[in-house]
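> Below is the file input.pdb, which contains PDB, C-alpha atoms.
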ATOM      1  CA  MET A 614      83.678  77.177  71.994
ATOM      2  CA  ASP A 615      81.231  78.117  69.275
ATOM      3  CA  ILE A 616      80.429  81.762  68.697
ATOM      4  CA  THR A 617      76.716  82.319  68.570
ATOM      5  CA  ALA A 618      74.723  85.445  67.888
ATOM      6  CA  ALA A 619      74.017  85.815  71.620
ATOM      7  CA  THR A 620      77.723  85.524  72.430
ATOM      8  CA  ALA A 621      78.612  88.143  69.842
ATOM      9  CA  VAL A 622      75.977  90.535  71.170
ATOM     10  CA  SER A 623      77.140  89.986  74.745
ATOM     11  CA  MET A 624      80.753  90.661  73.821
ATOM     12  CA  SER A 625      79.746  93.812  71.953
ATOM     13  CA  GLN A 626      77.776  95.057  74.962
ATOM     14  CA  LEU A 627      80.682  94.301  77.267
ATOM     15  CA  LYS A 628      83.086  96.257  75.061
ATOM     16  CA  THR A 629      80.671  99.204  75.008
ATOM     17  CA  GLN A 630      80.270  99.121  78.788
ATOM     18  CA  ASN A 631      84.037  98.968  79.293
ATOM     19  CA  ALA A 632      84.585 101.879  76.912
ATOM     20  CA  PHE A 633      81.966 103.941  78.748
ATOM     21  CA  ALA A 634      83.440 103.088  82.162
ATOM     22  CA  THR A 635      86.929 104.018  80.976
ATOM     23  CA  SER A 636      85.676 107.329  79.597
ATOM     24  CA  ALA A 637      83.860 108.098  82.846
ATOM     25  CA  LEU A 638      86.962 107.328  84.917
ATOM     26  CA  LYS A 639      89.116 109.525  82.682
ATOM     27  CA  LYS A 640      86.649 112.382  83.157
ATOM     28  CA  VAL A 641      86.749 111.948  86.947
ATOM     29  CA  VAL A 642      90.560 112.003  86.913
ATOM     30  CA  ASP A 643      90.555 115.123  84.719
ATOM     31  CA  MET A 644      88.122 116.866  87.059
ATOM     32  CA  SER A 645      90.164 115.899  90.124
ATOM     33  CA  THR A 646      93.337 117.169  88.473
ATOM     34  CA  GLU A 647      91.658 120.467  87.659
ATOM     35  CA  GLN A 648      90.312 120.825  91.202
ATOM     36  CA  GLY A 649      93.769 120.071  92.627
ATOM     37  CA  ALA A 650      95.341 122.722  90.420
ATOM     38  CA  ASP A 651      92.674 125.229  91.474
ATOM     39  CA  LEU A 652      93.296 124.405  95.143
ATOM     40  CA  ALA A 653      97.051 124.848  94.681
ATOM     41  CA  LYS A 654      96.438 128.266  93.095
ATOM     42  CA  LEU A 655      94.133 129.232  95.952
ATOM     43  CA  VAL A 656      96.689 128.246  98.591
ATOM     44  CA  ASP A 657      99.401 130.078  96.676
ATOM     45  CA  GLN A 658      97.295 133.255  96.564
ATOM     46  CA  SER A 659      96.335 133.089 100.242
ATOM     47  CA  GLY A 660      99.491 134.788 101.441
ATOM     48  CA  GLY A 661     101.057 131.721 103.025
ATOM     49  CA  VAL A 662      98.022 130.495 104.945
ATOM     50  CA  GLY A 663      97.942 126.720 104.864
ATOM     51  CA  LYS A 664     101.457 126.281 103.521
ATOM     52  CA  ARG A 665     102.905 125.245 106.857
ATOM     53  CA  VAL A 666     101.418 122.598 109.101
ATOM     54  CA  ASP A 667     102.131 122.636 112.840
ATOM     55  CA  LEU A 668     102.869 119.012 113.683
ATOM     56  CA  PHE A 669     103.451 119.674 117.378
ATOM     57  CA  ALA A 670     100.059 121.158 118.266
TER      58      ALA A 670
END
Please go through the file and, once you have read it, give me the structure as structure tokens.

Amino acid sequence: MDITAATAVSMSQLKTQNAFATSALKKVVDMSTEQGADLAKLVDQSGGVGKRVDLFA
């Protein structure tokens, strides 16, 4: 397979797109982690509300 200018440009664009997608996914995971920690703090501060689930209701 010969490497042409078009192939090189396409590969460069693909690498850039993959890097952007990875960065975006990392940001989403970071935000979800932060929201989960905030929710855990909120439940902890609520005086026990939501800590026990009634499975027999």
> One decimal, in Å: what's the spacing between CA of Ala650 (chain A) and CA of Ala632 (chain A)?
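Between CA of Ala650 (chain A) and CA of Ala632 (chain A) the gap works out to 27.1 Å.
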> Mind pulling up the distance from CA of Phe669 (chain A) to CA of Gln648 (chain A)?
29.3 Å
> How many Å separate CA of Asp667 (chain A) from CA of Lys654 (chain A)?
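Distance reported for this atom pair: 21.3 Å.
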